[in-house]
file final.cif (mmCIF, C-alpha atoms)
data_structure
loop_
_atom_site.group_PDB
_atom_site.id
_atom_site.type_symbol
_atom_site.label_atom_id
_atom_site.label_comp_id
_atom_site.auth_asym_id
_atom_site.auth_seq_id
_atom_site.Cartn_x
_atom_site.Cartn_y
_atom_site.Cartn_z
ATOM 1 C CA MET E 1 -2.000 6.462 23.523
ATOM 2 C CA ALA E 2 -5.053 4.454 24.465
ATOM 3 C CA GLY E 3 -6.384 7.557 26.234
ATOM 4 C CA PHE E 4 -6.285 9.455 22.936
ATOM 5 C CA GLY E 5 -8.343 6.742 21.226
ATOM 6 C CA PHE E 6 -5.439 5.262 19.255
ATOM 7 C CA ASN E 7 -6.920 1.785 19.669
ATOM 8 C CA ASN E 8 -9.723 2.877 17.325
ATOM 9 C CA VAL E 9 -7.279 3.378 14.441
ATOM 10 C CA PHE E 10 -8.983 0.611 12.445
ATOM 11 C CA GLN E 11 -12.377 2.284 12.737
ATOM 12 C CA TRP E 12 -10.819 5.577 11.563
ATOM 13 C CA GLY E 13 -9.753 3.764 8.409
ATOM 14 C CA GLY E 14 -13.216 2.301 7.908
ATOM 15 C CA MET E 15 -12.069 -1.244 8.681
ATOM 16 C CA ARG E 16 -13.193 -3.795 11.227
ATOM 17 C CA SER E 17 -10.970 -4.206 14.244
ATOM 18 C CA PRO E 18 -9.040 -7.498 14.259
ATOM 19 C CA LEU E 19 -9.317 -7.521 18.048
ATOM 20 C CA PRO E 20 -12.340 -9.011 19.779
ATOM 21 C CA THR E 21 -14.363 -6.292 21.475
ATOM 22 C CA SER E 22 -15.086 -8.409 24.559
ATOM 23 C CA ARG E 23 -14.212 -11.850 25.844
ATOM 24 C CA PRO E 24 -16.628 -14.057 27.752
ATOM 25 C CA GLU E 25 -15.813 -14.431 31.448
ATOM 26 C CA GLY E 26 -13.159 -17.052 32.118
ATOM 27 C CA GLU E 27 -12.247 -17.639 28.463
ATOM 28 C CA THR E 28 -8.540 -17.641 27.781
ATOM 29 C CA PRO E 29 -7.185 -16.772 24.341
ATOM 30 C CA ARG E 30 -5.492 -19.498 22.326
ATOM 31 C CA GLY E 31 -2.022 -19.048 20.911
ATOM 32 C CA THR E 32 -0.441 -15.641 21.168
ATOM 33 C CA GLU E 33 -2.259 -12.863 22.901
ATOM 34 C CA ALA E 34 -3.690 -10.191 20.613
ATOM 35 C CA ARG E 35 -2.183 -6.772 21.261
ATOM 36 C CA THR E 36 -3.893 -3.433 20.898
ATOM 37 C CA PRO E 37 -2.546 -0.816 18.482
ATOM 38 C CA SER E 38 -1.369 1.231 21.486
ATOM 39 C CA GLU E 39 0.661 -1.702 22.790
ATOM 40 C CA LEU E 40 2.203 -2.303 19.357
ATOM 41 C CA MET E 41 3.158 1.361 19.052
ATOM 42 C CA GLY E 42 4.682 1.201 22.533
ATOM 43 C CA ILE E 43 6.788 -1.808 21.530
ATOM 44 C CA ILE E 44 7.996 -0.017 18.381
ATOM 45 C CA VAL E 45 8.946 3.108 20.346
ATOM 46 C CA TRP E 46 10.677 0.997 22.997
ATOM 47 C CA ALA E 47 12.690 -0.854 20.320
ATOM 48 C CA GLY E 48 13.718 2.482 18.776
ATOM 49 C CA ILE E 49 14.873 3.827 22.138
ATOM 50 C CA VAL E 50 16.864 0.643 22.784
ATOM 51 C CA LEU E 51 18.502 0.880 19.336
ATOM 52 C CA PHE E 52 19.564 4.493 19.843
ATOM 53 C CA ALA E 53 20.794 3.729 23.380
ATOM 54 C CA THR E 54 22.814 0.844 21.950
ATOM 55 C CA LEU E 55 24.296 3.183 19.349
ATOM 56 C CA SER E 56 25.316 5.670 22.045
ATOM 57 C CA ALA E 57 26.864 2.915 24.167
ATOM 58 C CA VAL E 58 28.800 1.514 21.216
ATOM 59 C CA GLU E 59 30.098 4.978 20.282
ATOM 60 C CA ILE E 60 31.349 5.451 23.854
ATOM 61 C CA ILE E 61 33.184 2.119 23.673
ATOM 62 C CA GLU E 62 34.775 3.332 20.387
ATOM 63 C CA ILE E 63 34.591 0.133 18.367
ATOM 64 C CA PRO E 64 34.176 1.343 14.765
ATOM 65 C CA ALA E 65 32.968 -1.969 13.311
ATOM 66 C CA LEU E 66 30.290 -2.357 15.966
ATOM 67 C CA THR E 67 29.230 1.283 15.573
ATOM 68 C CA GLN E 68 28.876 0.748 11.838
ATOM 69 C CA LEU E 69 26.827 -2.410 12.422
ATOM 70 C CA VAL E 70 24.409 -0.681 14.818
ATOM 71 C CA ASN E 71 24.120 2.276 12.401
ATOM 72 C CA GLY E 72 23.193 -0.169 9.633
ATOM 73 C CA VAL E 73 20.550 -1.811 11.816
ATOM 74 C CA ILE E 74 19.046 1.601 12.635
ATOM 75 C CA VAL E 75 18.972 2.601 8.958
ATOM 76 C CA ILE E 76 17.289 -0.657 7.960
ATOM 77 C CA ALA E 77 14.792 -0.382 10.829
ATOM 78 C CA GLY E 78 13.967 3.157 9.694
ATOM 79 C CA GLN E 79 13.436 2.015 6.118
ATOM 80 C CA VAL E 80 11.150 -0.807 7.246
ATOM 81 C CA LEU E 81 9.189 1.541 9.512
ATOM 82 C CA VAL E 82 8.689 4.104 6.732
ATOM 83 C CA GLY E 83 7.707 1.306 4.332
ATOM 84 C CA LEU E 84 5.096 0.074 6.805
ATOM 85 C CA ILE E 85 3.760 3.615 7.199
ATOM 86 C CA VAL E 86 3.471 3.931 3.403
ATOM 87 C CA LEU E 87 1.621 0.610 3.319
ATOM 88 C CA ALA E 88 -0.732 1.675 6.126
ATOM 89 C CA VAL E 89 -1.537 4.965 4.380
ATOM 90 C CA GLY E 90 -2.140 3.045 1.144
ATOM 91 C CA LEU E 91 -4.522 0.662 2.909
ATOM 92 C CA PHE E 92 -6.383 3.628 4.394
ATOM 93 C CA PHE E 93 -6.784 5.277 0.985
ATOM 94 C CA ALA E 94 -7.798 1.954 -0.613
ATOM 95 C CA GLN E 95 -10.571 1.523 1.936
ATOM 96 C CA LEU E 96 -11.593 5.172 1.546
ATOM 97 C CA ALA E 97 -11.791 4.825 -2.253
ATOM 98 C CA PHE E 98 -13.806 1.611 -1.924
ATOM 99 C CA ASN E 99 -16.292 3.223 0.461
ATOM 100 C CA LEU E 100 -16.674 6.312 -1.742
ATOM 101 C CA ILE E 101 -17.236 4.297 -4.912
ATOM 102 C CA VAL E 102 -19.690 1.884 -3.263
ATOM 103 C CA SER E 103 -21.632 4.794 -1.761
ATOM 104 C CA ALA E 104 -22.344 6.007 -5.317
ATOM 105 C CA GLY E 105 -24.912 3.212 -5.474
ATOM 106 C CA THR E 106 -24.657 2.419 -9.184
ATOM 107 C CA SER E 107 -25.220 -1.101 -10.483
ATOM 108 C CA GLN E 108 -21.526 -1.988 -10.795
ATOM 109 C CA SER E 109 -20.165 0.220 -8.019
ATOM 110 C CA ARG E 110 -19.183 -2.688 -5.774
ATOM 111 C CA ILE E 111 -17.072 -4.327 -8.497
ATOM 112 C CA LEU E 112 -15.516 -1.012 -9.502
ATOM 113 C CA GLY E 113 -14.796 -0.227 -5.852
ATOM 114 C CA GLN E 114 -13.085 -3.580 -5.416
ATOM 115 C CA VAL E 115 -10.966 -3.004 -8.543
ATOM 116 C CA ALA E 116 -9.949 0.425 -7.241
ATOM 117 C CA ARG E 117 -9.143 -1.038 -3.822
ATOM 118 C CA ILE E 118 -6.964 -3.786 -5.311
ATOM 119 C CA ALA E 119 -5.142 -1.334 -7.592
ATOM 120 C CA ILE E 120 -4.408 1.078 -4.736
ATOM 121 C CA ILE E 121 -3.242 -1.755 -2.478
ATOM 122 C CA ALA E 122 -0.972 -3.095 -5.236
ATOM 123 C CA PHE E 123 0.600 0.326 -5.756
ATOM 124 C CA SER E 124 1.011 0.930 -2.025
ATOM 125 C CA VAL E 125 2.609 -2.498 -1.534
ATOM 126 C CA ALA E 126 5.022 -1.727 -4.370
ATOM 127 C CA LEU E 127 5.834 1.687 -2.898
ATOM 128 C CA GLY E 128 6.238 0.226 0.587
ATOM 129 C CA LEU E 129 8.558 -2.535 -0.615
ATOM 130 C CA GLN E 130 10.562 -0.056 -2.655
ATOM 131 C CA GLN E 131 10.880 2.216 0.383
ATOM 132 C CA MET E 132 12.119 -0.759 2.409
ATOM 133 C CA GLY E 133 14.711 -1.437 -0.281
ATOM 134 C CA ILE E 134 13.351 -4.892 -1.101
ATOM 135 C CA GLY E 135 13.830 -5.811 -4.757
ATOM 136 C CA SER E 136 13.236 -2.358 -6.210
ATOM 137 C CA ASN E 137 14.402 -3.429 -9.690
ATOM 138 C CA ILE E 138 12.021 -6.378 -9.701
ATOM 139 C CA ILE E 139 9.137 -4.180 -8.552
ATOM 140 C CA ASN E 140 9.854 -1.583 -11.254
ATOM 141 C CA LEU E 141 10.043 -4.286 -13.915
ATOM 142 C CA ALA E 142 6.848 -5.981 -12.723
ATOM 143 C CA PHE E 143 4.855 -2.752 -12.746
ATOM 144 C CA GLY E 144 6.263 -1.724 -16.103
ATOM 145 C CA LEU E 145 5.246 -5.059 -17.591
ATOM 146 C CA LEU E 146 1.827 -4.904 -15.929
ATOM 147 C CA LEU E 147 1.073 -1.402 -17.191
ATOM 148 C CA GLY E 148 2.353 -2.316 -20.656
ATOM 149 C CA ALA E 149 0.115 -5.389 -20.738
ATOM 150 C CA ILE E 150 -2.887 -3.317 -19.673
ATOM 151 C CA ALA E 151 -2.163 -0.744 -22.392
ATOM 152 C CA VAL E 152 -1.865 -3.456 -25.054
ATOM 153 C CA ALA E 153 -5.086 -5.114 -23.846
ATOM 154 C CA ILE E 154 -6.975 -1.817 -24.026
ATOM 155 C CA ALA E 155 -5.563 -1.073 -27.476
ATOM 156 C CA LEU E 156 -6.533 -4.523 -28.746
ATOM 157 C CA ALA E 157 -10.006 -4.316 -27.239
ATOM 158 C CA PHE E 158 -10.585 -0.905 -28.774
ATOM 159 C CA GLY E 159 -9.068 -1.889 -32.106
ATOM 160 C CA LEU E 160 -10.983 -5.134 -32.467
ATOM 161 C CA GLY E 161 -14.203 -3.890 -30.918
ATOM 162 C CA ALA E 162 -14.377 -0.623 -32.827
ATOM 163 C CA ARG E 163 -12.860 -1.742 -36.127
ATOM 164 C CA ASP E 164 -15.827 -0.552 -38.199
ATOM 165 C CA ILE E 165 -15.985 2.829 -36.472
ATOM 166 C CA ALA E 166 -12.233 3.330 -36.876
ATOM 167 C CA ALA E 167 -12.420 2.393 -40.587
ATOM 168 C CA GLU E 168 -15.263 4.866 -41.119
ATOM 169 C CA GLN E 169 -13.286 7.622 -39.377
ATOM 170 C CA VAL E 170 -10.206 6.940 -41.507
ATOM 171 C CA ARG E 171 -12.370 7.104 -44.669
ATOM 172 C CA GLU E 172 -13.749 10.480 -43.544
ATOM 173 C CA TRP E 173 -10.213 11.780 -42.956
ATOM 174 C CA LEU E 174 -9.075 10.571 -46.393
ATOM 175 C CA ASP E 175 -12.133 12.120 -48.113
ATOM 176 C CA SER E 176 -11.508 15.381 -46.270
ATOM 177 C CA PHE E 177 -7.841 15.301 -47.302
ATOM 178 C CA LYS E 178 -8.747 14.636 -50.963
ATOM 179 C CA ARG E 179 -11.278 17.505 -50.994
ATOM 180 C CA LYS E 180 -8.659 19.948 -49.710
ATOM 181 C CA GLN E 181 -6.265 19.128 -52.561
#
call {"tool": "encode", "arguments": {"input": "final.cif", "output": "structure tokens"}}
result
Amino acid sequence: MAGFGFNNVFQWGGMRSPLPTSRPEGETPRGTEARTPSELMGIIVWAGIVLFATLSAVEIIEIPALTQLVNGVIVIAGQVLVGLIVLAVGLFFAQLAFNLIVSAGTSQSRILGQVARIAIIAFSVALGLQQMGIGSNIINLAFGLLLGAIAVAIALAFGLGARDIAAEQVREWLDSFKRKQ
């Protein structure tokens, strides 16, 4: 995969690579060694192959409880993998939206871009967690409460900020209604 340029996946998304581009001669990394995206993908594929080989071996042995256990592990691993893919796509679109909004060059474009990025990341995290099956009821409740709070805040801001304009509009509607009678 490195030959296809998969290690540049962060640059494709418009992000900086977390990996150092070059290491000085003789310097050894501290802690765990950083892996390239190609190596990580290889580990994920290897783990999937091992899981399916384990499932085949367990089915040959004909132990129903063990077969059911391995099936459950494969299902959960699939859900986690799809959730991570959803999160990665969300991060890509968040960065894309940020770059597009900032490139507009208006006075507040950087702040607006950051707000858009945070909102997209929040939604993609919620979708990813829901896809993984982690606390879907809590996530639904949290987003419902958040959107409700935003709607109430906007309504209050409009109502209190435009009270005079709204009163004038209501007077015009009442005068128009009285003239029609």
call {"tool": "resolve_selection", "arguments": {"input": "final.cif", "expression": "the PyMOL selection byres ((chain E and resi 120) around 10)", "output": "ChimeraX atom specification"}}
result
/E:90-95,97-98,114-119,121-126
call {"tool": "residues_around", "arguments": {"input": "final.cif", "residues": "region 61-74 of chain E", "least_positions_apart": "3", "cutoff": "12 Å", "atoms": "only C-alpha atoms", "output": "PyMOL selection string"}}
result
chain E and resi 47-58+77-81
call {"tool": "closest_residue", "arguments": {"input": "final.cif", "among": "E:Asn99, E:Gln130, E:Ser176, E:Asn7", "to": "Gly83 (chain E)", "atoms": "only C-alpha atoms"}}
result
E:Gln130
call {"tool": "axis_aligned_box", "arguments": {"input": "final.cif", "around": "region 76-92 of chain E", "padding_each_side": "4 Å", "output": "AutoDock Vina command-line options"}}
result
--center_x 5.5 --center_y 2.1 --center_z 6.0 --size_x 31.7 --size_y 13.8 --size_z 17.7
call {"tool": "atom_distance", "arguments": {"input": "final.cif", "atom1": "CA of Ile138 (chain E)", "atom2": "CA of Val152 (chain E)"}}
result
20.9 Å
call {"tool": "atom_distance", "arguments": {"input": "final.cif", "atom1": "CA of Ile60 (chain E)", "atom2": "CA of Val82 (chain E)"}}
result
28.4 Å
call {"tool": "atom_distance", "arguments": {"input": "final.cif", "atom1": "CA of Leu112 (chain E)", "atom2": "CA of Asn8 (chain E)"}}
result
27.7 Å
